[in-house]
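Undergrad: This is the content of query_30.txt (compact mmCIF, C-alpha atoms):
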# COMPACT_ATOMS: atom_id res chain seq x y z
CA MET A 1 32.35 4.14 5.80
CA PRO A 2 31.12 2.60 2.57
CA VAL A 3 32.80 3.37 -0.72
CA ILE A 4 30.71 5.76 -2.81
CA SER A 5 29.98 4.07 -6.11
CA PRO A 6 29.31 5.73 -9.45
CA SER A 7 25.79 6.30 -10.60
CA PRO A 8 24.05 3.35 -12.27
CA SER A 9 23.73 2.88 -15.96
CA THR A 10 20.61 3.80 -17.89
CA SER A 11 19.64 0.13 -18.03
CA ASP A 12 19.85 -0.08 -14.24
CA ILE A 13 17.70 3.03 -13.81
CA SER A 14 15.00 1.71 -16.12
CA ALA A 15 14.52 -1.30 -13.86
CA HIS A 16 14.14 0.72 -10.66
CA GLN A 17 11.13 0.22 -8.47
CA ALA A 18 8.89 3.22 -8.10
CA PRO A 19 9.06 4.80 -4.64
CA VAL A 20 6.75 3.21 -2.09
CA GLY A 21 3.30 4.75 -2.25
CA SER A 22 3.65 6.04 -5.80
CA SER A 23 1.58 4.94 -8.76
CA THR A 24 3.06 2.01 -10.63
CA SER A 25 2.24 3.84 -13.87
CA THR A 26 4.59 6.71 -13.00
CA ALA A 27 8.23 6.22 -13.96
CA PRO A 28 10.56 6.71 -10.96
CA LEU A 29 13.01 9.56 -11.00
CA PRO A 30 16.65 8.53 -11.43
CA PRO A 31 18.63 8.59 -8.19
CA PRO A 32 21.23 11.30 -7.49
CA ALA A 33 24.66 10.97 -9.07
CA SER A 34 26.30 10.08 -5.74
CA ALA A 35 25.73 9.83 -2.01
CA LEU A 36 27.05 13.39 -1.67
CA ALA A 37 23.95 14.62 -3.48
CA LEU A 38 21.49 12.93 -1.13
CA THR A 39 19.05 15.17 0.72
CA PRO A 40 16.96 14.34 3.80
CA ALA A 41 13.95 13.95 1.52
CA ASP A 42 15.71 11.07 -0.26
CA GLY A 43 15.44 8.95 2.86
CA LEU A 44 17.24 5.60 2.66
CA LEU A 45 17.67 5.62 -1.10
CA ASP A 46 20.24 3.42 -2.84
CA ARG A 47 21.96 3.89 -6.17
CA TYR A 48 19.52 1.51 -7.89
CA GLY A 49 16.51 3.64 -6.98
CA ARG A 50 15.20 1.48 -4.13
CA LYS A 51 14.14 3.24 -0.95
CA ALA A 52 14.20 1.35 2.37
CA THR A 53 11.06 1.85 4.47
CA ASP A 54 11.11 -1.45 6.42
CA MET A 55 13.55 -1.40 9.35
CA ARG A 56 14.84 -4.68 10.80
CA LEU A 57 16.57 -4.06 14.12
CA SER A 58 18.34 -6.86 15.99
CA LEU A 59 18.20 -6.61 19.78
CA THR A 60 20.70 -9.38 20.53
CA ASP A 61 22.81 -12.02 18.87
CA LYS A 62 22.05 -14.52 21.65
CA CYS A 63 19.63 -17.41 21.14
CA ASN A 64 18.39 -20.26 23.32
CA LEU A 65 17.96 -22.67 20.39
CA ARG A 66 20.66 -24.12 18.13
CA CYS A 67 18.86 -24.55 14.82
CA THR A 68 20.97 -26.58 12.41
CA TYR A 69 20.46 -24.14 9.51
CA CYS A 70 21.51 -21.17 11.64
CA MET A 71 24.26 -21.90 14.16
CA PRO A 72 26.56 -24.68 15.39
CA ALA A 73 25.61 -26.98 18.25
CA GLU A 74 27.99 -25.24 20.65
CA GLY A 75 26.58 -21.82 19.87
CA LEU A 76 28.61 -18.74 18.99
CA ASP A 77 30.78 -16.22 20.81
CA TRP A 78 28.14 -13.80 22.07
CA LEU A 79 28.68 -10.07 22.11
CA ALA A 80 29.60 -8.45 25.42
CA ARG A 81 26.75 -6.44 26.94
CA ASP A 82 28.47 -3.09 26.33
CA LYS A 83 28.83 -3.91 22.64
CA VAL A 84 25.08 -4.28 22.13
CA LEU A 85 22.87 -1.26 21.52
CA ALA A 86 21.36 0.10 24.74
CA ARG A 87 17.66 0.81 25.07
CA ASP A 88 17.98 4.56 24.58
CA GLU A 89 20.19 4.02 21.52
CA ILE A 90 17.58 1.70 20.00
CA VAL A 91 14.79 4.19 20.66
CA ARG A 92 16.87 7.00 19.14
CA LEU A 93 17.68 5.04 15.97
CA VAL A 94 14.04 4.16 15.44
CA ARG A 95 13.07 7.80 15.96
CA LEU A 96 15.58 8.92 13.34
CA GLY A 97 14.47 6.20 10.95
CA VAL A 98 10.79 7.13 11.25
CA ASP A 99 10.96 10.91 11.64
CA ARG A 100 13.88 11.66 9.33
CA LEU A 101 14.35 8.79 6.89
CA GLY A 102 10.93 7.50 5.91
CA VAL A 103 10.80 4.22 7.84
CA ARG A 104 7.19 3.03 7.89
CA GLU A 105 7.46 -0.38 9.54
CA LEU A 106 9.69 -1.84 12.27
CA ARG A 107 10.54 -5.44 13.01
CA LEU A 108 12.54 -6.35 16.13
CA THR A 109 14.69 -9.43 15.63
CA GLY A 110 17.65 -11.36 17.00
CA GLY A 111 19.14 -13.78 17.85
CA GLU A 112 16.21 -14.27 20.14
CA PRO A 113 14.78 -10.91 21.26
CA LEU A 114 12.86 -12.42 24.17
CA VAL A 115 16.14 -13.03 26.00
CA ARG A 116 16.54 -9.25 26.48
CA ALA A 117 15.33 -8.40 29.95
CA ASP A 118 14.32 -4.90 28.84
CA LEU A 119 12.35 -5.96 25.73
CA VAL A 120 9.01 -4.69 27.02
CA GLU A 121 10.58 -1.34 27.94
CA ILE A 122 12.16 -1.08 24.47
CA VAL A 123 8.78 -1.62 22.80
CA ALA A 124 7.11 0.86 25.12
CA GLY A 125 9.78 3.49 24.47
CA ILE A 126 9.39 3.16 20.72
CA ARG A 127 5.60 3.23 20.95
CA ALA A 128 5.65 6.41 23.04
CA ASN A 129 7.40 8.21 20.17
CA HIS A 130 5.41 6.61 17.36
CA PRO A 131 1.76 5.91 18.18
CA ASP A 132 0.93 4.61 14.70
CA LEU A 133 4.08 2.69 13.74
CA PRO A 134 3.57 -1.04 13.00
CA ILE A 135 5.96 -2.86 15.36
CA SER A 136 6.44 -6.60 14.92
CA LEU A 137 8.67 -9.14 16.61
CA THR A 138 10.33 -12.27 15.22
CA THR A 139 10.88 -14.89 17.92
CA ASN A 140 11.32 -18.60 18.48
CA GLY A 141 8.50 -18.42 21.02
CA LEU A 142 10.37 -19.63 24.10
CA GLY A 143 9.02 -17.59 27.01
CA LEU A 144 6.42 -15.85 24.86
CA ASP A 145 3.60 -17.24 26.99
CA LYS A 146 4.94 -15.19 29.91
CA LYS A 147 5.53 -11.95 27.97
CA ALA A 148 2.79 -11.82 25.31
CA GLN A 149 0.36 -9.70 27.34
CA ALA A 150 3.05 -7.28 28.49
CA LEU A 151 4.29 -6.88 24.93
CA LYS A 152 0.76 -6.26 23.71
CA ASP A 153 0.23 -3.65 26.43
CA ALA A 154 3.57 -1.99 25.57
CA GLY A 155 2.49 -1.49 21.96
CA LEU A 156 3.66 -4.51 19.96
CA THR A 157 1.28 -4.98 17.05
CA ARG A 158 2.24 -8.31 15.49
CA ILE A 159 4.40 -11.38 16.01
CA ASN A 160 6.22 -13.95 13.87
CA VAL A 161 7.12 -17.25 15.51
CA SER A 162 9.69 -19.60 13.97
CA MET A 163 8.57 -23.24 14.23
CA ASP A 164 9.62 -25.89 11.74
CA SER A 165 7.79 -28.97 12.97
CA LEU A 166 4.79 -30.13 14.98
CA HIS A 167 6.55 -33.36 15.98
CA PRO A 168 8.65 -33.19 19.17
CA ASP A 169 11.41 -35.46 17.89
CA THR A 170 11.78 -33.60 14.62
CA PHE A 171 11.66 -30.24 16.39
CA ALA A 172 14.43 -31.40 18.72
CA GLN A 173 16.49 -32.67 15.78
CA LEU A 174 16.27 -29.31 14.02
CA THR A 175 16.72 -27.03 17.04
CA ARG A 176 18.85 -29.32 19.22
CA ARG A 177 16.44 -28.52 22.06
CA PRO A 178 13.30 -30.39 23.28
CA PHE A 179 11.08 -27.32 23.66
CA LEU A 180 8.22 -27.72 21.19
CA ASP A 181 5.58 -27.65 23.92
CA ARG A 182 6.89 -24.30 25.17
CA VAL A 183 6.83 -22.82 21.68
CA LEU A 184 3.23 -23.95 21.18
CA ARG A 185 2.24 -22.39 24.49
CA GLY A 186 3.77 -19.10 23.40
CA ILE A 187 1.91 -19.15 20.08
CA GLU A 188 -1.39 -19.87 21.80
CA GLU A 189 -0.88 -17.02 24.26
CA ALA A 190 0.07 -14.57 21.51
CA ALA A 191 -3.16 -15.42 19.72
CA ARG A 192 -5.17 -15.16 22.92
CA VAL A 193 -3.98 -11.67 23.79
CA GLY A 194 -4.52 -10.45 20.23
CA LEU A 195 -1.01 -9.84 18.93
CA GLY A 196 -2.25 -9.18 15.40
CA LEU A 197 -2.23 -11.85 12.72
CA VAL A 198 0.12 -14.48 14.15
CA LYS A 199 2.58 -15.61 11.50
CA ILE A 200 4.52 -18.86 11.67
CA ASN A 201 7.87 -19.14 9.89
CA ALA A 202 9.09 -22.58 8.81
CA VAL A 203 12.22 -23.74 7.00
CA LEU A 204 11.86 -27.09 5.25
CA MET A 205 14.91 -29.35 5.34
CA ARG A 206 15.15 -32.19 2.85
CA GLY A 207 14.51 -35.60 4.39
CA ILE A 208 13.81 -34.11 7.83
CA ASN A 209 10.59 -32.09 7.88
CA ASP A 210 9.71 -31.51 4.22
CA ALA A 211 6.96 -34.15 4.26
CA GLU A 212 5.27 -32.21 7.07
CA ALA A 213 4.49 -29.19 4.87
CA PRO A 214 0.78 -29.99 4.29
CA ASP A 215 0.21 -30.84 7.95
CA LEU A 216 1.85 -27.59 9.06
CA LEU A 217 -0.41 -25.65 6.71
CA GLU A 218 -3.54 -27.43 7.90
CA TRP A 219 -2.59 -26.71 11.51
CA ALA A 220 -2.02 -23.02 10.71
CA VAL A 221 -5.15 -22.29 8.67
CA SER A 222 -7.39 -24.16 11.11
CA ARG A 223 -6.21 -21.76 13.85
CA GLY A 224 -6.28 -18.55 11.83
CA PHE A 225 -2.48 -18.25 11.55
CA GLU A 226 -0.52 -17.38 8.41
CA LEU A 227 2.22 -19.88 7.67
CA ARG A 228 5.27 -18.73 5.74
CA PHE A 229 7.73 -21.21 4.30
CA ILE A 230 11.27 -19.89 3.82
CA GLU A 231 13.83 -21.33 1.45
CA GLN A 232 16.97 -22.26 3.34
CA MET A 233 19.62 -19.63 2.65
CA PRO A 234 23.42 -19.88 2.73
CA LEU A 235 23.75 -18.16 6.10
CA ASP A 236 24.42 -21.25 8.25
CA ALA A 237 27.39 -21.32 10.62
CA ASP A 238 28.55 -24.72 9.39
CA HIS A 239 28.57 -23.58 5.74
CA GLY A 240 26.86 -26.83 4.80
CA TRP A 241 24.26 -25.24 2.53
CA THR A 242 24.01 -26.38 -1.08
CA ARG A 243 21.53 -25.25 -3.69
CA ASP A 244 20.80 -28.85 -4.68
CA GLY A 245 20.14 -29.80 -1.07
CA MET A 246 17.58 -27.12 -0.30
CA ILE A 247 13.81 -27.36 -0.76
CA THR A 248 12.81 -24.88 -3.47
CA ALA A 249 9.67 -22.76 -3.60
CA LEU A 250 8.41 -24.89 -6.49
CA GLU A 251 8.88 -28.04 -4.43
CA MET A 252 7.06 -26.40 -1.51
CA ARG A 253 4.05 -25.62 -3.65
CA THR A 254 4.06 -29.15 -5.02
CA LEU A 255 4.13 -30.60 -1.50
CA LEU A 256 1.23 -28.40 -0.40
CA GLU A 257 -0.86 -29.27 -3.43
CA ARG A 258 -1.21 -32.79 -2.06
CA ASP A 259 -3.98 -31.43 0.16
CA PHE A 260 -4.62 -27.87 -1.02
CA VAL A 261 -5.37 -25.71 -4.03
CA LEU A 262 -3.12 -22.65 -4.15
CA THR A 263 -3.99 -19.56 -6.16
CA PRO A 264 -2.11 -16.22 -6.18
CA ASP A 265 -3.28 -13.80 -3.52
CA PRO A 266 -4.87 -10.81 -5.32
CA ARG A 267 -3.44 -8.32 -2.84
CA GLU A 268 -0.48 -6.30 -4.07
CA ARG A 269 2.81 -7.67 -2.84
CA GLY A 270 4.73 -4.40 -2.79
CA GLY A 271 8.14 -4.94 -1.20
CA ALA A 272 7.07 -7.89 0.97
CA PRO A 273 9.50 -10.83 0.91
CA ALA A 274 6.73 -13.44 0.88
CA GLN A 275 4.71 -14.31 -2.21
CA ARG A 276 1.24 -15.03 -0.82
CA TRP A 277 -1.17 -17.69 -2.00
CA GLU A 278 -4.82 -18.20 -1.18
CA VAL A 279 -5.42 -21.63 0.31
CA ARG A 280 -8.38 -23.92 -0.43
CA ARG A 281 -8.68 -27.51 0.67
CA ASN A 282 -8.90 -30.03 -2.17
CA ALA A 283 -12.08 -31.33 -0.58
CA ASP A 284 -13.72 -27.88 -0.81
CA PRO A 285 -12.03 -25.88 -3.60
CA ALA A 286 -14.66 -23.11 -3.48
CA THR A 287 -13.77 -21.95 0.05
CA VAL A 288 -10.68 -19.89 0.92
CA VAL A 289 -9.51 -21.09 4.33
CA GLY A 290 -6.47 -18.86 4.68
CA THR A 291 -3.25 -17.76 3.06
CA VAL A 292 0.29 -19.11 2.91
CA GLY A 293 3.44 -17.20 2.10
CA ILE A 294 6.60 -18.50 0.45
CA ILE A 295 9.86 -16.57 0.77
CA ALA A 296 12.02 -17.71 -2.14
CA SER A 297 15.20 -15.70 -1.70
CA VAL A 298 17.21 -18.26 -3.64
CA THR A 299 15.13 -19.47 -6.57
CA GLU A 300 12.69 -16.57 -7.03
CA PRO A 301 14.64 -13.55 -5.72
CA PHE A 302 12.92 -10.23 -5.10
CA CYS A 303 15.98 -8.02 -4.75
CA ALA A 304 14.73 -5.41 -7.21
CA GLU A 305 11.81 -4.67 -4.87
CA CYS A 306 13.74 -4.81 -1.58
CA VAL A 307 12.71 -2.09 0.88
CA ARG A 308 14.63 -3.28 3.95
CA THR A 309 17.37 -1.69 6.03
CA ARG A 310 18.99 -3.79 8.77
CA ILE A 311 20.70 -2.74 11.99
CA THR A 312 22.69 -5.43 13.79
CA ALA A 313 22.65 -5.87 17.56
CA GLU A 314 25.87 -3.86 17.90
CA GLY A 315 24.50 -1.02 15.81
CA LYS A 316 25.89 -1.62 12.33
CA VAL A 317 23.93 -0.88 9.18
CA ARG A 318 23.73 -3.89 6.93
CA SER A 319 22.24 -2.74 3.65
CA CYS A 320 21.70 -6.26 2.29
CA LEU A 321 21.22 -9.53 4.15
CA PHE A 322 24.15 -10.99 2.18
CA SER A 323 26.46 -7.96 2.38
CA HIS A 324 30.12 -8.23 3.29
CA GLU A 325 30.31 -4.59 4.40
CA GLU A 326 28.74 -2.88 7.39
CA THR A 327 28.64 0.71 8.60
CA ASP A 328 28.89 1.46 12.31
CA LEU A 329 26.32 3.70 13.98
CA ARG A 330 26.83 2.67 17.61
CA ASP A 331 30.16 4.39 18.15
CA LEU A 332 28.84 7.42 16.31
CA LEU A 333 25.85 7.56 18.67
CA ARG A 334 28.15 7.25 21.67
CA SER A 335 30.49 9.99 20.44
CA GLY A 336 27.88 12.65 21.16
CA VAL A 337 27.20 13.75 17.58
CA ASP A 338 23.89 15.32 16.62
CA ASP A 339 21.07 13.58 14.78
CA ASP A 340 22.13 15.00 11.42
CA ALA A 341 25.45 13.13 11.53
CA VAL A 342 23.77 9.81 12.32
CA VAL A 343 21.19 10.31 9.58
CA ARG A 344 23.91 11.15 7.07
CA ARG A 345 25.97 8.06 7.81
CA TRP A 346 22.89 5.83 7.63
CA GLN A 347 22.00 7.30 4.24
CA GLU A 348 25.54 6.77 2.96
CA ALA A 349 25.47 3.15 4.13
CA MET A 350 22.25 2.44 2.28
CA TRP A 351 23.44 4.25 -0.85
CA GLY A 352 26.13 1.54 -1.13
CA LYS A 353 23.59 -1.30 -1.07
CA PRO A 354 24.54 -4.00 -3.60
CA LYS A 355 22.20 -4.81 -6.44
CA ALA A 356 21.39 -8.32 -5.20
CA HIS A 357 22.64 -11.04 -2.84
CA GLY A 358 25.67 -8.98 -1.82
CA MET A 359 26.83 -8.79 -5.45
CA GLY A 360 26.03 -7.07 -8.72
CA HIS A 361 23.48 -9.74 -9.64
CA THR A 362 21.25 -12.40 -8.11
CA GLY A 363 22.84 -15.79 -7.69
CA LEU A 364 22.90 -17.53 -4.32
CA GLY A 365 24.95 -20.65 -4.92
CA ASP A 366 26.63 -19.29 -8.06
CA ALA A 367 30.37 -19.71 -8.44
CA ASP A 368 31.05 -16.07 -7.55
CA TYR A 369 28.80 -16.03 -4.48
CA VAL A 370 30.75 -15.80 -1.22
CA GLN A 371 28.86 -16.52 1.98
CA PRO A 372 29.09 -13.73 4.59
CA ASP A 373 31.00 -14.47 7.77
CA ARG A 374 27.95 -13.67 9.91
CA THR A 375 25.19 -16.21 10.41
CA MET A 376 21.52 -15.28 10.32
CA SER A 377 21.34 -15.05 14.11
CA ALA A 378 24.24 -12.61 14.18
CA ILE A 379 22.76 -10.46 11.42
CA GLY A 380 19.14 -10.18 12.50
CA GLY A 381 16.46 -11.57 10.17
Output the file's structure in the form of structure tokens.
TA:
Amino acid sequence: MPVISPSPSTSDISAHQAPVGSSTSTAPLPPPASALALTPADGLLDRYGRKATDMRLSLTDKCNLRCTYCMPAEGLDWLARDKVLARDEIVRLVRLGVDRLGVRELRLTGGEPLVRADLVEIVAGIRANHPDLPISLTTNGLGLDKKAQALKDAGLTRINVSMDSLHPDTFAQLTRRPFLDRVLRGIEEAARVGLGLVKINAVLMRGINDAEAPDLLEWAVSRGFELRFIEQMPLDADHGWTRDGMITALEMRTLLERDFVLTPDPRERGGAPAQRWEVRRNADPATVVGTVGIIASVTEPFCAECVRTRITAEGKVRSCLFSHEETDLRDLLRSGVDDDAVVRRWQEAMWGKPKAHGMGHTGLGDADYVQPDRTMSAIGG
């Protein structure tokens, strides 16, 4: 169980984000004095006044790629099957999140969620309980061409595909697998069956694929996809990340401006991790051809607006991507307790959410930052 921390200072409260859906002109109410004072109406509130409404739920820690910024070449020690949340446990947690705790959006992650044989049944079970819930999936795209229609029919509304290069050799260098053609087939099939706005996630690595940024964007906008560049984060298994070695958001924009004009997207960002930009080709600066998102967790952090709650594949609440503490829900579910007990523990876990980057301040790469033991694939993105 997380340690209950004292209430924040007045200066902390003044910087709180207003609850989702409220007017930005209305000052948010200060949070309760402690987790003991939380009520069901508080939802997944933390002590800094943020309320989680975006649920990220990992279905597995397994993956069929070995991306250099995520895991070692030999892979990791995968969880035993009985340690991973079962289908009915997943459906129950989503139901509690939506019906009791104010979750308004669900993303299924991994590892690689497509490796779960019961993925379609999981989506269908969630959809049966929540006809209007946005359900998205983050995947590397391997096997998506065979499952896209079934996922669409089961109720999946949108998909994010991770793909860092359009060149087979570079793709193989980054993922340690020669499967670019299979990923592209999966993306094409997702678009064909109408899995919402297809988003493509790309991590730029210095000296490897950074020069490809404009070409990736041209490929995406010409097909009606939304490309999102993600700053490399210190969540790699080899612990080789350095702040100086990563491609920053500013560098990304500079690379893209070789071929494009970028202007801020007028739509409100809310708690979204990506800062969006309208895209116009330099040759035709009057015509918007699409949008591009940049997720700058390192150099332009958005922790004050974070609305995410994460559940790992084995059913642990991770209040922050960079946390060192987790709160178990799986064993609680399996002990036969009622819904109220699960809801309470989830609320207590989120109350203990750190202010930023697993610490009391933003600062990935700072001297006091300590990288979590888990890699991104083991956490769930």
Undergrad: Report the centre and edge lengths, in Å to one decimal, of an axis-aligned box enclosing every atom of stretch 296-300 of chain A listed in the file, padded by 3 Å on each side, as JSON.
TA:
{"center_x": 14.6, "center_y": -17.6, "center_z": -4.4, "size_x": 11.2, "size_y": 9.8, "size_z": 11.3}
Undergrad: Any idea what the distance is between atom CA of A:Gln232 and atom CA of A:Leu166?
TA: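 It comes out at 18.6 Å.
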Undergrad: Could you check the closest approach to A:Arg66 for each of A:Ala283, A:Ala172, A:Leu250, A:Val91 and tell me which residue wins, using all atoms listed in the file?
TA: A:Ala172
Undergrad: Hey, which of A:Leu235, A:Leu332, A:Ala86, A:Cys70 ends up closest to A:Ser297? Count all atoms listed in the file.
TA: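 Among the listed residues, A:Leu235 lies closest to A:Ser297.
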Undergrad: Taking into account all atoms listed in the file, which residue in the set A:Leu364, A:Ala274, A:Lys353, A:Val342 is nearest to A:Trp241?
TA: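 Of A:Leu364, A:Ala274, A:Lys353, A:Val342, the one nearest A:Trp241, counting all atoms listed in the file, is A:Leu364.
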Undergrad: As an exercise, work out the distance from atom CA of A:Ser162 to atom CA of A:Cys303 in Å and give it to one decimal place.
TA: 22.9 Å
Undergrad: Any idea what the distance is between atom CA of A:Arg267 and atom CA of A:Val98?
TA: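 For atom CA of A:Arg267 relative to atom CA of A:Val98, the distance reads 25.3 Å.
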Undergrad: So that I can check the surroundings of A:Met163, please list as a PDB file with C-alpha atoms, in the frame of the given file every protein, DNA and RNA residue that reaches within 8 Å of it, counting only C-alpha atoms and ignoring chain neighbours fewer than 2 positions away.
TA:
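Written output follows (out-v4.pdb):
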ATOM      1  CA  ASN A 140      11.320 -18.600  18.480  1.00  0.00           C
ATOM      2  CA  VAL A 161       7.120 -17.250  15.510  1.00  0.00           C
ATOM      3  CA  SER A 165       7.790 -28.970  12.970  1.00  0.00           C
ATOM      4  CA  LEU A 166       4.790 -30.130  14.980  1.00  0.00           C
ATOM      5  CA  PHE A 171      11.660 -30.240  16.390  1.00  0.00           C
ATOM      6  CA  VAL A 183       6.830 -22.820  21.680  1.00  0.00           C
ATOM      7  CA  ILE A 200       4.520 -18.860  11.670  1.00  0.00           C
ATOM      8  CA  ASN A 201       7.870 -19.140   9.890  1.00  0.00           C
ATOM      9  CA  ALA A 202       9.090 -22.580   8.810  1.00  0.00           C
TER      10      ALA A 202
END
Undergrad: Report as a ChimeraX atom specification all protein, DNA and RNA residues lying within 12 Å of A:Ser323, evaluated on only C-alpha atoms, omitting residues in the same chain fewer than 3 positions from it.
TA: /A:2,235,309-310,316-320,326-327,349-350,352-360,369-376,379
Undergrad: Between A:Thr287, A:Thr362, A:Thr299, A:Gln347, which one has atoms that come closest to A:Gly43, using only C-alpha atoms?
TA: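 Counting only C-alpha atoms, the residue closest to A:Gly43 is A:Gln347.
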Undergrad: Can you pull out the residues contacting A:Asp340? Cut-off 10 Å, using only C-alpha atoms, and skip same-chain residues under 3 positions away; I want them as a ChimeraX atom specification.
TA: /A:40,96,100,337,343-346
Undergrad: Between A:Pro264, A:Thr157, A:Thr312, A:Thr175, which is the closest to A:Glu74 once you count all atoms listed in the file?
TA: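 With all atoms listed in the file as the atom set, the closest residue is A:Thr175.
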Undergrad: Which residue gives the smallest distance to A:Pro113 among A:Ile187, A:Leu329, A:Gly141, A:Asp210, with all atoms listed in the file counted?
TA: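 Once distances to A:Pro113 are computed over all atoms listed in the file, the minimum belongs to A:Gly141.
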Undergrad: Hey, can you pull every residue with an atom no more than 12 Å from (24.7, 1.1, 23.2), using all atoms listed in the file, and send it as a short mmCIF file (atom, residue, chain, number, x, y, z; two decimals) with C-alpha atoms, keeping the file's coordinate frame?
TA:
data_model
loop_
_atom_site.label_atom_id
_atom_site.label_comp_id
_atom_site.auth_asym_id
_atom_site.auth_seq_id
_atom_site.Cartn_x
_atom_site.Cartn_y
_atom_site.Cartn_z
CA LEU A 59 18.20 -6.61 19.78
CA THR A 60 20.70 -9.38 20.53
CA LEU A 79 28.68 -10.07 22.11
CA ALA A 80 29.60 -8.45 25.42
CA ARG A 81 26.75 -6.44 26.94
CA ASP A 82 28.47 -3.09 26.33
CA LYS A 83 28.83 -3.91 22.64
CA VAL A 84 25.08 -4.28 22.13
CA LEU A 85 22.87 -1.26 21.52
CA ALA A 86 21.36 0.10 24.74
CA ARG A 87 17.66 0.81 25.07
CA ASP A 88 17.98 4.56 24.58
CA GLU A 89 20.19 4.02 21.52
CA ILE A 90 17.58 1.70 20.00
CA VAL A 91 14.79 4.19 20.66
CA ARG A 92 16.87 7.00 19.14
CA LEU A 93 17.68 5.04 15.97
CA THR A 312 22.69 -5.43 13.79
CA ALA A 313 22.65 -5.87 17.56
CA GLU A 314 25.87 -3.86 17.90
CA GLY A 315 24.50 -1.02 15.81
CA LYS A 316 25.89 -1.62 12.33
CA ASP A 328 28.89 1.46 12.31
CA LEU A 329 26.32 3.70 13.98
CA ARG A 330 26.83 2.67 17.61
CA ASP A 331 30.16 4.39 18.15
CA LEU A 332 28.84 7.42 16.31
CA LEU A 333 25.85 7.56 18.67
CA ARG A 334 28.15 7.25 21.67
CA SER A 335 30.49 9.99 20.44
#
Undergrad: Write out as number ranges by chain which residues come within 7 Å of A:Arg280 when counting all atoms listed in the file, dropping same-chain ones fewer than 2 positions away.
TA: A: 260-262, 278, 282, 284-285, 287-289
Undergrad: For the selection just defined, write its residues with C-alpha atoms to a file, as a short mmCIF file (atom, residue, chain, number, x, y, z; two decimals), keeping the file's coordinate frame.
TA:
data_model
loop_
_atom_site.label_atom_id
_atom_site.label_comp_id
_atom_site.auth_asym_id
_atom_site.auth_seq_id
_atom_site.Cartn_x
_atom_site.Cartn_y
_atom_site.Cartn_z
CA PHE A 260 -4.62 -27.87 -1.02
CA VAL A 261 -5.37 -25.71 -4.03
CA LEU A 262 -3.12 -22.65 -4.15
CA GLU A 278 -4.82 -18.20 -1.18
CA ASN A 282 -8.90 -30.03 -2.17
CA ASP A 284 -13.72 -27.88 -0.81
CA PRO A 285 -12.03 -25.88 -3.60
CA THR A 287 -13.77 -21.95 0.05
CA VAL A 288 -10.68 -19.89 0.92
CA VAL A 289 -9.51 -21.09 4.33
#
Undergrad: Quick one: everything within 7 Å of A:Lys199, counting all atoms listed in the file, minus sequence neighbours fewer than 3 positions away in the same chain. Send it as a list of chain:residue names.
TA: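 Listed by chain and then number, they are A:Ile159, A:Asn160, A:Val161, A:Phe225, A:Glu226, A:Leu227.
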